[in-house]
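Content type compact mmCIF, C-alpha atoms and all ligand atoms, from the file my_file-v3.txt:
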# COMPACT_ATOMS: atom_id res chain seq x y z
CA MET A 1 37.34 -72.73 69.27
CA SER A 2 36.18 -75.99 67.76
CA GLY A 3 34.22 -76.96 64.66
CA PRO A 4 35.08 -76.14 61.07
CA LEU A 5 37.42 -73.24 60.39
CA ASN A 6 35.45 -70.30 58.95
CA ILE A 7 37.31 -68.92 55.95
CA ALA A 8 36.96 -66.17 53.37
CA LEU A 9 38.06 -67.26 49.91
CA VAL A 10 39.79 -64.29 48.29
CA GLY A 11 40.06 -64.36 44.48
CA LEU A 12 37.56 -66.58 42.70
CA GLY A 13 39.43 -67.16 39.46
CA TRP A 14 40.74 -70.51 38.20
CA TRP A 15 42.30 -71.68 41.46
CA GLY A 16 39.89 -70.02 43.90
CA GLN A 17 37.05 -71.89 42.19
CA LYS A 18 39.03 -75.13 42.30
CA MET A 19 39.48 -74.69 46.07
CA LEU A 20 35.80 -73.83 46.51
CA SER A 21 34.77 -77.06 44.80
CA VAL A 22 37.18 -79.40 46.66
CA LEU A 23 36.22 -77.91 50.04
CA GLU A 24 32.71 -79.30 49.64
CA ALA A 25 34.25 -82.63 50.66
CA ALA A 26 35.69 -81.18 53.91
CA PRO A 27 32.67 -79.76 55.82
CA GLU A 28 33.95 -80.96 59.19
CA ASP A 29 37.19 -79.01 58.81
CA ILE A 30 36.45 -75.89 56.74
CA LYS A 31 33.46 -73.70 55.99
CA VAL A 32 33.59 -70.97 53.33
CA VAL A 33 31.60 -68.15 54.98
CA ARG A 34 32.46 -65.39 52.52
CA ALA A 35 34.05 -64.83 49.12
CA ILE A 36 35.86 -61.79 47.75
CA GLU A 37 36.16 -61.20 44.00
CA PRO A 38 36.45 -57.83 42.20
CA ASN A 39 34.92 -59.34 39.06
CA LEU A 40 31.55 -59.79 40.78
CA ASP A 41 29.53 -60.43 37.63
CA GLY A 42 31.63 -63.49 36.84
CA VAL A 43 30.95 -65.24 40.18
CA ARG A 44 27.63 -63.96 41.54
CA ALA A 45 25.60 -66.92 40.26
CA LEU A 46 28.19 -69.43 41.50
CA CYS A 47 28.21 -67.93 45.01
CA GLU A 48 24.43 -67.53 45.17
CA GLY A 49 24.07 -71.18 44.21
CA LYS A 50 26.27 -72.16 47.14
CA GLY A 51 24.74 -69.66 49.58
CA ILE A 52 28.05 -67.82 50.04
CA PRO A 53 27.98 -64.01 50.37
CA VAL A 54 30.35 -62.42 47.87
CA SER A 55 31.65 -58.86 47.59
CA ALA A 56 34.43 -57.06 45.79
CA ASP A 57 36.42 -55.52 48.62
CA TYR A 58 39.01 -57.50 50.63
CA ALA A 59 38.31 -55.20 53.60
CA ASP A 60 34.87 -56.87 53.91
CA ALA A 61 36.52 -60.19 54.78
CA LEU A 62 38.94 -58.57 57.21
CA ALA A 63 36.15 -56.71 59.01
CA ASP A 64 33.91 -59.80 59.30
CA PRO A 65 34.20 -61.27 62.82
CA ALA A 66 32.91 -64.61 61.51
CA VAL A 67 36.00 -64.97 59.29
CA GLU A 68 38.83 -66.73 61.12
CA ALA A 69 41.16 -67.14 58.16
CA VAL A 70 41.62 -65.81 54.64
CA VAL A 71 42.60 -68.05 51.72
CA LEU A 72 44.39 -65.95 49.10
CA ALA A 73 44.08 -67.09 45.47
CA THR A 74 45.03 -63.73 44.02
CA PRO A 75 47.73 -62.41 41.64
CA HIS A 76 51.27 -62.92 42.97
CA SER A 77 52.19 -59.27 43.49
CA LEU A 78 49.25 -58.81 45.90
CA HIS A 79 50.20 -61.58 48.35
CA THR A 80 52.59 -59.63 50.60
CA ALA A 81 50.26 -56.66 51.21
CA GLN A 82 47.21 -58.93 51.64
CA ILE A 83 49.07 -61.00 54.25
CA ALA A 84 50.09 -57.87 56.17
CA GLU A 85 46.48 -56.64 56.21
CA ALA A 86 45.20 -60.04 57.36
CA VAL A 87 47.73 -60.11 60.20
CA LYS A 88 46.55 -56.66 61.32
CA ALA A 89 42.99 -58.00 61.38
CA GLY A 90 44.08 -61.08 63.37
CA LYS A 91 43.16 -63.59 60.63
CA HIS A 92 45.10 -66.76 59.89
CA ILE A 93 46.32 -66.96 56.29
CA PHE A 94 46.54 -69.62 53.62
CA CYS A 95 48.38 -68.08 50.67
CA GLU A 96 48.62 -69.51 47.19
CA LYS A 97 52.10 -69.87 45.79
CA PRO A 98 54.43 -68.12 45.45
CA LEU A 99 54.35 -66.60 48.93
CA ALA A 100 56.19 -63.57 47.50
CA LEU A 101 58.43 -62.52 44.63
CA THR A 102 61.38 -61.51 46.83
CA ALA A 103 63.07 -63.06 49.85
CA GLU A 104 62.67 -59.82 51.77
CA GLU A 105 58.87 -59.88 51.30
CA ALA A 106 58.65 -63.57 52.19
CA THR A 107 60.68 -63.02 55.34
CA ARG A 108 58.48 -60.10 56.35
CA SER A 109 55.26 -62.09 55.89
CA VAL A 110 56.56 -65.12 57.77
CA ALA A 111 57.86 -62.93 60.62
CA LEU A 112 54.57 -61.00 60.88
CA CYS A 113 52.54 -64.23 61.17
CA ALA A 114 54.99 -65.68 63.71
CA GLU A 115 54.91 -62.54 65.88
CA ALA A 116 51.10 -62.53 65.84
CA GLY A 117 50.84 -66.28 66.52
CA LEU A 118 48.94 -66.84 63.26
CA VAL A 119 49.22 -69.92 61.05
CA LEU A 120 50.56 -69.31 57.54
CA GLY A 121 49.52 -72.06 55.11
CA MET A 122 50.93 -72.36 51.59
CA GLY A 123 49.52 -73.75 48.35
CA HIS A 124 52.22 -76.39 47.90
CA GLU A 125 49.73 -79.26 47.67
CA ARG A 126 52.28 -81.54 46.01
CA ARG A 127 53.46 -82.41 49.51
CA TRP A 128 49.98 -83.94 50.09
CA GLU A 129 50.11 -86.15 46.98
CA PRO A 130 50.27 -89.66 48.48
CA PRO A 131 53.41 -90.85 46.61
CA ILE A 132 55.23 -87.57 47.36
CA ALA A 133 54.23 -87.77 51.05
CA ASP A 134 55.46 -91.37 51.14
CA MET A 135 58.73 -90.41 49.44
CA LEU A 136 59.31 -87.61 52.00
CA THR A 137 58.62 -90.00 54.90
CA ARG A 138 61.05 -92.55 53.49
CA ALA A 139 63.70 -89.91 52.84
CA ASP A 140 63.32 -88.57 56.41
CA ALA A 141 63.66 -92.11 57.78
CA GLY A 142 66.96 -92.52 55.89
CA GLU A 143 65.63 -95.29 53.62
CA LEU A 144 67.00 -93.53 50.53
CA GLY A 145 70.40 -92.89 52.16
CA ARG A 146 72.14 -89.60 51.39
CA ILE A 147 69.94 -87.57 49.05
CA GLN A 148 72.23 -86.64 46.17
CA GLN A 149 70.24 -85.35 43.23
CA ILE A 150 66.77 -84.32 42.14
CA GLU A 151 65.44 -84.08 38.57
CA ALA A 152 61.97 -82.68 38.14
CA ASN A 153 59.73 -81.25 35.43
CA PHE A 154 56.24 -79.74 35.64
CA SER A 155 54.83 -78.51 32.35
CA HIS A 156 51.49 -77.68 30.78
CA ASP A 157 50.16 -75.56 27.94
CA LYS A 158 47.13 -74.05 29.72
CA PHE A 159 48.40 -70.45 29.43
CA VAL A 160 49.34 -70.42 25.72
CA SER A 161 45.91 -69.16 24.72
CA LEU A 162 45.54 -66.57 27.51
CA ASP A 163 45.17 -62.96 26.43
CA LYS A 164 48.54 -61.20 26.71
CA SER A 165 46.98 -58.70 29.14
CA ASN A 166 46.42 -61.53 31.65
CA TRP A 167 48.59 -61.15 34.75
CA ARG A 168 49.57 -64.87 34.58
CA VAL A 169 51.70 -64.27 31.47
CA LYS A 170 53.26 -60.95 32.52
CA SER A 171 57.00 -60.98 33.14
CA THR A 172 56.49 -58.68 36.15
CA GLU A 173 53.93 -60.95 37.89
CA ALA A 174 55.25 -64.31 36.70
CA PRO A 175 58.90 -64.02 35.68
CA ALA A 176 61.06 -66.84 34.31
CA GLY A 177 58.65 -68.85 32.16
CA GLY A 178 56.70 -71.38 34.20
CA MET A 179 58.75 -70.98 37.35
CA THR A 180 56.03 -69.25 39.42
CA ALA A 181 53.24 -71.37 37.91
CA THR A 182 54.68 -74.87 38.26
CA GLY A 183 58.44 -74.88 38.88
CA ILE A 184 57.94 -73.29 42.31
CA HIS A 185 56.34 -76.55 43.57
CA LEU A 186 59.50 -78.42 42.53
CA LEU A 187 61.74 -75.83 44.20
CA ASP A 188 59.67 -76.31 47.38
CA LEU A 189 60.17 -80.08 47.32
CA SER A 190 63.88 -79.64 46.55
CA VAL A 191 64.33 -77.29 49.53
CA ARG A 192 62.29 -79.70 51.69
CA LEU A 193 64.69 -82.55 50.80
CA LEU A 194 68.05 -80.74 50.53
CA GLY A 195 67.68 -77.60 52.69
CA ALA A 196 68.72 -74.05 51.84
CA ALA A 197 70.13 -73.47 48.36
CA GLU A 198 73.53 -71.86 47.78
CA SER A 199 73.46 -70.90 44.09
CA VAL A 200 71.51 -71.39 40.87
CA LEU A 201 71.94 -71.16 37.11
CA CYS A 202 68.68 -70.53 35.27
CA ILE A 203 68.07 -70.43 31.53
CA CYS A 204 64.73 -69.10 30.30
CA GLU A 205 63.88 -69.02 26.59
CA GLN A 206 60.95 -68.21 24.34
CA LEU A 207 61.01 -71.14 21.90
CA SER A 208 57.53 -71.97 20.69
CA SER A 209 55.03 -69.35 21.84
CA ASP A 210 54.69 -65.60 22.23
CA LEU A 211 54.39 -65.79 26.03
CA PRO A 212 56.07 -62.56 27.28
CA GLN A 213 57.82 -64.25 30.22
CA GLY A 214 59.28 -67.03 28.05
CA ASP A 215 57.96 -70.58 27.69
CA THR A 216 60.88 -72.85 28.53
CA VAL A 217 62.81 -72.62 31.78
CA ALA A 218 65.47 -74.78 33.42
CA ALA A 219 67.22 -74.16 36.73
CA TYR A 220 70.19 -76.04 38.12
CA VAL A 221 70.44 -75.56 41.88
CA LYS A 222 73.38 -76.25 44.20
CA PHE A 223 72.47 -76.71 47.88
CA ALA A 224 74.49 -75.34 50.79
CA GLY A 225 74.68 -78.77 52.41
CA GLY A 226 75.64 -80.50 49.14
CA GLY A 227 73.41 -82.02 46.49
CA THR A 228 71.83 -80.59 43.36
CA SER A 229 68.40 -80.22 41.82
CA TYR A 230 67.51 -79.75 38.16
CA VAL A 231 64.06 -78.19 37.84
CA SER A 232 62.50 -77.53 34.44
CA ALA A 233 59.12 -76.36 33.19
CA SER A 234 57.50 -75.59 29.87
CA LEU A 235 54.42 -73.44 29.35
CA SER A 236 54.07 -74.68 25.78
CA ASN A 237 54.26 -78.45 25.80
CA PRO A 238 51.55 -80.94 26.79
CA PHE A 239 51.09 -81.77 30.47
CA MET A 240 54.00 -83.51 32.16
CA SER A 241 54.82 -83.77 35.85
CA ARG A 242 57.71 -85.85 37.10
CA PHE A 243 59.74 -85.74 40.31
CA THR A 244 62.76 -88.01 40.70
CA VAL A 245 64.94 -88.21 43.79
CA TYR A 246 68.21 -90.11 43.90
CA GLY A 247 69.79 -91.27 47.16
CA SER A 248 72.78 -93.48 47.96
CA LYS A 249 70.44 -96.35 48.97
CA GLY A 250 67.68 -95.93 46.41
CA TRP A 251 65.79 -93.75 43.96
CA ILE A 252 62.11 -92.93 43.39
CA ASP A 253 60.51 -91.49 40.26
CA ILE A 254 56.94 -90.11 40.58
CA ARG A 255 54.81 -89.24 37.56
CA ASP A 256 51.38 -87.62 37.78
CA LYS A 257 48.81 -89.09 35.42
CA ALA A 258 47.00 -85.74 35.22
CA HIS A 259 47.30 -82.11 36.34
CA VAL A 260 46.37 -81.51 40.00
CA GLU A 261 43.34 -79.57 38.75
CA ALA A 262 41.74 -83.01 38.14
CA PRO A 263 44.00 -85.60 39.78
CA ASP A 264 43.98 -89.09 38.28
CA GLY A 265 46.62 -90.96 40.26
CA TRP A 266 50.34 -91.55 39.91
CA ILE A 267 52.87 -93.97 38.43
CA VAL A 268 55.79 -94.60 40.78
CA THR A 269 58.97 -96.35 39.69
CA SER A 270 61.69 -97.04 42.24
CA ALA A 271 64.71 -99.15 43.06
CA MET A 272 66.50 -99.80 46.35
CA ALA A 273 70.15 -100.90 46.44
CA GLY A 274 70.40 -104.59 45.51
CA GLY A 275 66.71 -104.80 44.54
CA PRO A 276 64.76 -104.79 41.27
CA ILE A 277 63.25 -101.77 39.55
CA GLU A 278 59.55 -101.76 40.48
CA THR A 279 56.60 -99.80 39.10
CA VAL A 280 53.31 -99.34 40.95
CA GLU A 281 50.17 -97.31 40.28
CA ILE A 282 48.70 -95.14 43.04
CA GLY A 283 45.01 -94.21 42.94
CA LYS A 284 43.40 -90.77 42.85
CA ALA A 285 43.57 -88.31 45.75
CA GLU A 286 42.68 -84.63 46.28
CA PRO A 287 45.86 -82.96 47.61
CA VAL A 288 44.50 -79.40 47.24
CA LYS A 289 41.75 -80.26 49.74
CA ASP A 290 44.12 -82.19 52.01
CA ASN A 291 46.53 -79.24 52.24
CA LEU A 292 43.68 -76.87 53.21
CA VAL A 293 42.40 -79.38 55.80
CA SER A 294 45.89 -79.65 57.27
CA PHE A 295 45.99 -75.83 57.52
CA ALA A 296 42.59 -75.78 59.27
CA ARG A 297 43.69 -78.45 61.74
CA ALA A 298 46.89 -76.50 62.43
CA VAL A 299 44.79 -73.42 63.26
CA ARG A 300 42.71 -75.57 65.63
CA GLY A 301 45.94 -76.84 67.25
CA MET A 302 45.21 -80.42 66.18
CA GLU A 303 48.43 -80.88 64.16
CA ALA A 304 51.57 -79.01 63.15
CA TYR A 305 51.52 -77.50 59.66
CA PRO A 306 54.40 -79.18 57.80
CA ILE A 307 55.62 -76.30 55.62
CA THR A 308 57.91 -74.51 58.06
CA ALA A 309 59.01 -70.88 58.21
CA ASP A 310 62.46 -71.91 56.96
CA HIS A 311 61.02 -73.83 54.01
CA LEU A 312 58.90 -70.82 53.05
CA VAL A 313 61.75 -68.31 53.15
CA ASP A 314 64.39 -70.62 51.66
CA ASN A 315 62.07 -71.38 48.74
CA ILE A 316 61.45 -67.71 47.90
CA ALA A 317 65.13 -66.81 48.37
CA LEU A 318 65.86 -69.50 45.76
CA LEU A 319 63.04 -68.24 43.50
CA GLU A 320 64.43 -64.71 43.61
CA ALA A 321 67.90 -65.98 42.64
CA VAL A 322 66.26 -67.95 39.78
CA PHE A 323 64.76 -64.67 38.50
CA ARG A 324 68.16 -62.93 38.73
CA SER A 325 69.93 -65.77 36.93
CA ALA A 326 67.28 -65.92 34.18
CA LYS A 327 68.11 -62.26 33.46
CA SER A 328 71.88 -62.32 33.92
CA GLY A 329 72.60 -65.74 32.40
CA ALA A 330 75.11 -66.22 35.22
CA ILE A 331 75.25 -68.39 38.33
CA GLU A 332 73.60 -66.36 41.10
CA LYS A 333 74.05 -66.74 44.86
CA VAL A 334 70.94 -67.41 46.94
CA ALA A 335 70.62 -64.81 49.68
CA ARG A 336 68.27 -64.84 52.65
CA PRO A 337 67.71 -61.63 54.63
CA ALA A 338 69.25 -61.90 58.09
CA GLY A 339 67.92 -60.83 61.45
CA GLN A 340 64.18 -61.59 61.31
CA LYS A 341 62.73 -63.94 63.91
CA LEU A 342 60.74 -66.50 61.91
CA GLU A 343 59.37 -68.81 64.59
CA LYS A 344 56.71 -67.99 67.14
CA ALA A 345 58.16 -67.10 70.55
CA SER A 346 57.58 -69.99 72.98
N1 LIG A 401 48.58 -74.53 43.98
C1 LIG A 401 48.37 -74.65 42.69
O1 LIG A 401 48.58 -75.73 42.14
C2 LIG A 401 47.89 -73.48 41.90
C3 LIG A 401 47.37 -73.66 40.61
C4 LIG A 401 46.93 -72.52 39.92
C5 LIG A 401 47.05 -71.25 40.47
N2 LIG A 401 47.60 -71.14 41.70
C6 LIG A 401 47.80 -69.83 42.34
O2 LIG A 401 46.52 -69.26 42.64
C7 LIG A 401 46.61 -67.84 42.57
C8 LIG A 401 45.55 -67.33 41.61
O3 LIG A 401 45.84 -67.83 40.31
P1 LIG A 401 44.69 -68.11 39.22
O4 LIG A 401 45.29 -68.93 38.15
O5 LIG A 401 43.47 -68.59 39.92
O6 LIG A 401 44.48 -66.66 38.66
P2 LIG A 401 43.12 -66.00 38.13
O7 LIG A 401 43.50 -64.77 37.42
O8 LIG A 401 42.31 -67.03 37.43
O9 LIG A 401 42.38 -65.65 39.51
C9 LIG A 401 42.80 -64.61 40.35
C10 LIG A 401 41.54 -63.89 40.82
O10 LIG A 401 41.88 -62.89 41.80
C11 LIG A 401 41.02 -61.80 41.58
N3 LIG A 401 41.60 -60.61 42.19
C12 LIG A 401 42.39 -59.68 41.63
N4 LIG A 401 42.67 -58.71 42.53
C13 LIG A 401 42.04 -59.04 43.67
C14 LIG A 401 41.95 -58.45 44.95
N5 LIG A 401 42.59 -57.29 45.24
N6 LIG A 401 41.21 -59.07 45.90
C15 LIG A 401 40.57 -60.21 45.64
N7 LIG A 401 40.63 -60.82 44.44
C16 LIG A 401 41.35 -60.24 43.46
C17 LIG A 401 40.89 -61.72 40.08
O11 LIG A 401 39.74 -60.96 39.69
C18 LIG A 401 40.80 -63.18 39.69
O12 LIG A 401 39.46 -63.63 39.64
C19 LIG A 401 48.05 -67.53 42.16
O13 LIG A 401 48.82 -67.30 43.30
C20 LIG A 401 48.49 -68.81 41.46
O14 LIG A 401 49.88 -69.01 41.45
C21 LIG A 401 47.99 -72.22 42.43
Final structure tokens representation of the file:
Amino acid sequence: MSGPLNIALVGLGWWGQKMLSVLEAAPEDIKVVRAIEPNLDGVRALCEGKGIPVSADYADALADPAVEAVVLATPHSLHTAQIAEAVKAGKHIFCEKPLALTAEEATRSVALCAEAGLVLGMGHERRWEPPIADMLTRADAGELGRIQQIEANFSHDKFVSLDKSNWRVKSTEAPAGGMTATGIHLLDLSVRLLGAAESVLCICEQLSSDLPQGDTVAAYVKFAGGGTSYVSASLSNPFMSRFTVYGSKGWIDIRDKAHVEAPDGWIVTSAMAGGPIETVEIGKAEPVKDNLVSFARAVRGMEAYPITADHLVDNIALLEAVFRSAKSGAIEKVARPAGQKLEKAS
């Protein structure tokens, strides 16, 4: 097939609506042909205004032959079952993060998509932020030398005022403070740069809010191939997003000027061996849109989707060990289920 990818947007809450609005700038690549949202009253006017049919039942999207892919912006604990149902219906899937809450579930979802020859996209848009993409390219080319350490923080206080019945602040849906909200993006980038993790120590505390899952989390990760990453997140301090990578030939520090909800550019400070410390400003971009466009082009066979099966499973295996360590207070091993074939048969 050619032309824009026809998608159903599933879950029209905060992030589903963000995706709906950025996709208006990508008509050649993606068309939203249907929306699914159980809270119909909250979104009927929005969808009518955009001429998008909306209904409450996910099965409507799966039964619609016009829908080629589903984009899941739903509570975390629903992702695994919704992916399995989409695979049965032959739909490609873009899933918001985290892919799953356990490595076993992540492995199952990745294997199901691979067996069915379906593309599995993932809401890790940070990889599409221009300075992050540039940093990854330079790291891959060896310009930074041996990657040794990562220090990263992603914090905001958007959830402090949420009602305590909201799934986003439940310790079952979103354990370990901000780890599933923001820290997971930093774990993804760490795995992308340093490979599978070996062990992690996580400390999660409730210091300045009544958020049930804790508000302050820090994880110190050791990677199987050497190297470490320190990932921290607060759900009760003002917005901050910083990713710093240190290599034997140079280091790069990337700060977001605003939350990805309304990107406002980046400040990048770096130094290469023997050179000065330099700071540059990078202009605005829309990485949430660019990730979805990349997914659509992967479905059309125009490009390879860059978040691989191994990245997806290694990230969730690390996340699960973070949850265990946050509870036990001990260093926990990162374990990945064996035996599943994750890549499409060629
Ligand atoms: N990539 C990012 O930067 C980013 C940012 C924010 C949120 N997210 C992710 O987006 C997802 C949604 O988070 P949110 O903050 O928008 O939450 P939200 O609660 O605002 O929205 C979730 C929506 O899903 C709906 N829903 C519940 N059950 C459903 C079902 N069975 N079928 C269809 N819809 C259903 C809810 O009614 C709600 O409107 C989560 O996975 C979250 O981690 C990603």
Residues of range 227-321 of chain A that approach range 96-100 of chain A to 9 Å or less, counting all atoms listed in the file: could you list each one with the shortest pair of atoms and its distance in Å to one decimal, rows by chain and increasing residue number, as a Markdown table?
| residue | atom | partner | partner_atom | distance |
| --- | --- | --- | --- | --- |
| A:Leu312 | CA | A:Leu99 | CA | 7.4 |
| A:Val313 | CA | A:Leu99 | CA | 8.7 |
| A:Asn315 | CA | A:Pro98 | CA | 8.9 |
| A:Ile316 | CA | A:Ala100 | CA | 6.7 |
| A:Leu319 | CA | A:Pro98 | CA | 8.8 |
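Restricting the calculation to only C-alpha atoms and all ligand atoms, the smallest distance between ligand LIG 401 (chain A) and any of A:Leu235, A:Ala141, A:Ile184, A:Val245 is found for A:Ile184.
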Could you give me, as an NGL selection string, the residues within 7 Å of Pro238 in chain A, counting only C-alpha atoms and dropping anything in the same chain fewer than 6 positions from it? :A and (155-157)
Kindly assemble as JSON lines a list of the chain A residues that lie within 9 Å of ligand LIG 401 (chain A), each paired with its nearest atom pair and their distance in Å to one decimal, using all atoms listed in the file, sorted first by chain and then by ascending residue number.
{"residue": "A:Leu9", "atom": "CA", "partner": "A:LIG401", "partner_atom": "C15", "distance": 8.6}
{"residue": "A:Val10", "atom": "CA", "partner": "A:LIG401", "partner_atom": "C15", "distance": 4.9}
{"residue": "A:Gly11", "atom": "CA", "partner": "A:LIG401", "partner_atom": "O10", "distance": 3.6}
{"residue": "A:Leu12", "atom": "CA", "partner": "A:LIG401", "partner_atom": "O12", "distance": 4.7}
{"residue": "A:Gly13", "atom": "CA", "partner": "A:LIG401", "partner_atom": "O9", "distance": 3.3}
{"residue": "A:Trp14", "atom": "CA", "partner": "A:LIG401", "partner_atom": "O5", "distance": 3.8}
{"residue": "A:Trp15", "atom": "CA", "partner": "A:LIG401", "partner_atom": "O5", "distance": 3.6}
{"residue": "A:Gly16", "atom": "CA", "partner": "A:LIG401", "partner_atom": "O5", "distance": 5.5}
{"residue": "A:Gln17", "atom": "CA", "partner": "A:LIG401", "partner_atom": "O5", "distance": 7.6}
{"residue": "A:Lys18", "atom": "CA", "partner": "A:LIG401", "partner_atom": "O5", "distance": 8.3}
{"residue": "A:Ala35", "atom": "CA", "partner": "A:LIG401", "partner_atom": "C15", "distance": 8.7}
{"residue": "A:Ile36", "atom": "CA", "partner": "A:LIG401", "partner_atom": "C15", "distance": 5.4}
{"residue": "A:Glu37", "atom": "CA", "partner": "A:LIG401", "partner_atom": "N7", "distance": 4.5}
{"residue": "A:Pro38", "atom": "CA", "partner": "A:LIG401", "partner_atom": "O11", "distance": 5.2}
{"residue": "A:Asn39", "atom": "CA", "partner": "A:LIG401", "partner_atom": "O11", "distance": 5.1}
{"residue": "A:Leu40", "atom": "CA", "partner": "A:LIG401", "partner_atom": "O11", "distance": 8.3}
{"residue": "A:Gly42", "atom": "CA", "partner": "A:LIG401", "partner_atom": "O12", "distance": 8.3}
{"residue": "A:Val43", "atom": "CA", "partner": "A:LIG401", "partner_atom": "O12", "distance": 8.7}
{"residue": "A:Ala56", "atom": "CA", "partner": "A:LIG401", "partner_atom": "C15", "distance": 6.9}
{"residue": "A:Asp57", "atom": "CA", "partner": "A:LIG401", "partner_atom": "N6", "distance": 6.6}
{"residue": "A:Tyr58", "atom": "CA", "partner": "A:LIG401", "partner_atom": "N6", "distance": 5.4}
{"residue": "A:Leu72", "atom": "CA", "partner": "A:LIG401", "partner_atom": "C7", "distance": 7.2}
{"residue": "A:Ala73", "atom": "CA", "partner": "A:LIG401", "partner_atom": "C7", "distance": 3.9}
{"residue": "A:Thr74", "atom": "CA", "partner": "A:LIG401", "partner_atom": "O10", "distance": 3.9}
{"residue": "A:Pro75", "atom": "CA", "partner": "A:LIG401", "partner_atom": "C19", "distance": 5.2}
{"residue": "A:His76", "atom": "CA", "partner": "A:LIG401", "partner_atom": "O13", "distance": 5.0}
{"residue": "A:Ser77", "atom": "CA", "partner": "A:LIG401", "partner_atom": "O13", "distance": 8.7}
{"residue": "A:Leu78", "atom": "CA", "partner": "A:LIG401", "partner_atom": "N5", "distance": 6.9}
{"residue": "A:His79", "atom": "CA", "partner": "A:LIG401", "partner_atom": "O13", "distance": 7.8}
{"residue": "A:Gln82", "atom": "CA", "partner": "A:LIG401", "partner_atom": "N5", "distance": 8.1}
{"residue": "A:Cys95", "atom": "CA", "partner": "A:LIG401", "partner_atom": "O13", "distance": 7.4}
{"residue": "A:Glu96", "atom": "CA", "partner": "A:LIG401", "partner_atom": "O13", "distance": 4.5}
{"residue": "A:Lys97", "atom": "CA", "partner": "A:LIG401", "partner_atom": "O13", "distance": 4.9}
{"residue": "A:Pro98", "atom": "CA", "partner": "A:LIG401", "partner_atom": "O13", "distance": 6.1}
{"residue": "A:Leu99", "atom": "CA", "partner": "A:LIG401", "partner_atom": "O13", "distance": 7.9}
{"residue": "A:Met122", "atom": "CA", "partner": "A:LIG401", "partner_atom": "N1", "distance": 8.3}
{"residue": "A:Gly123", "atom": "CA", "partner": "A:LIG401", "partner_atom": "N1", "distance": 4.5}
{"residue": "A:His124", "atom": "CA", "partner": "A:LIG401", "partner_atom": "N1", "distance": 5.7}
{"residue": "A:Glu125", "atom": "CA", "partner": "A:LIG401", "partner_atom": "N1", "distance": 6.1}
{"residue": "A:Arg126", "atom": "CA", "partner": "A:LIG401", "partner_atom": "O1", "distance": 7.9}
{"residue": "A:Asn166", "atom": "CA", "partner": "A:LIG401", "partner_atom": "O7", "distance": 7.2}
{"residue": "A:Trp167", "atom": "CA", "partner": "A:LIG401", "partner_atom": "O7", "distance": 6.8}
{"residue": "A:Arg168", "atom": "CA", "partner": "A:LIG401", "partner_atom": "O7", "distance": 6.7}
{"residue": "A:Ala174", "atom": "CA", "partner": "A:LIG401", "partner_atom": "O14", "distance": 8.6}
{"residue": "A:Thr180", "atom": "CA", "partner": "A:LIG401", "partner_atom": "O14", "distance": 6.5}
{"residue": "A:Ala181", "atom": "CA", "partner": "A:LIG401", "partner_atom": "O14", "distance": 5.4}
{"residue": "A:Thr182", "atom": "CA", "partner": "A:LIG401", "partner_atom": "O1", "distance": 7.3}
{"residue": "A:His185", "atom": "CA", "partner": "A:LIG401", "partner_atom": "O1", "distance": 7.9}
{"residue": "A:His259", "atom": "CA", "partner": "A:LIG401", "partner_atom": "O1", "distance": 8.7}
{"residue": "A:Val260", "atom": "CA", "partner": "A:LIG401", "partner_atom": "O1", "distance": 6.5}
{"residue": "A:Glu261", "atom": "CA", "partner": "A:LIG401", "partner_atom": "O1", "distance": 7.3}
{"residue": "A:Val288", "atom": "CA", "partner": "A:LIG401", "partner_atom": "N1", "distance": 7.1}
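Using all atoms listed in the file, the nearest neighbour of His311 in chain A within the list A:Ala103, A:Arg138, A:Val160, A:Ala285 is A:Ala103.
In this model, the gap between CA of Met19 in chain A and CA of Gly49 in chain A comes to 15.9 Å.
Atom pair CA of Leu194 in chain A / CA of Ser232 in chain A has a distance of 17.3 Å (rounded to one decimal).
Between CA of Ala116 in chain A and CA of Glu104 in chain A the separation is 18.4 Å.
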If you count all atoms listed in the file, which residues fall within 12 Å of Asn237 in chain A, apart from same-chain ones fewer than 3 positions away, as a PyMOL selection string? chain A and resi 153-160+178+207-209+215-217+232-234+240-241
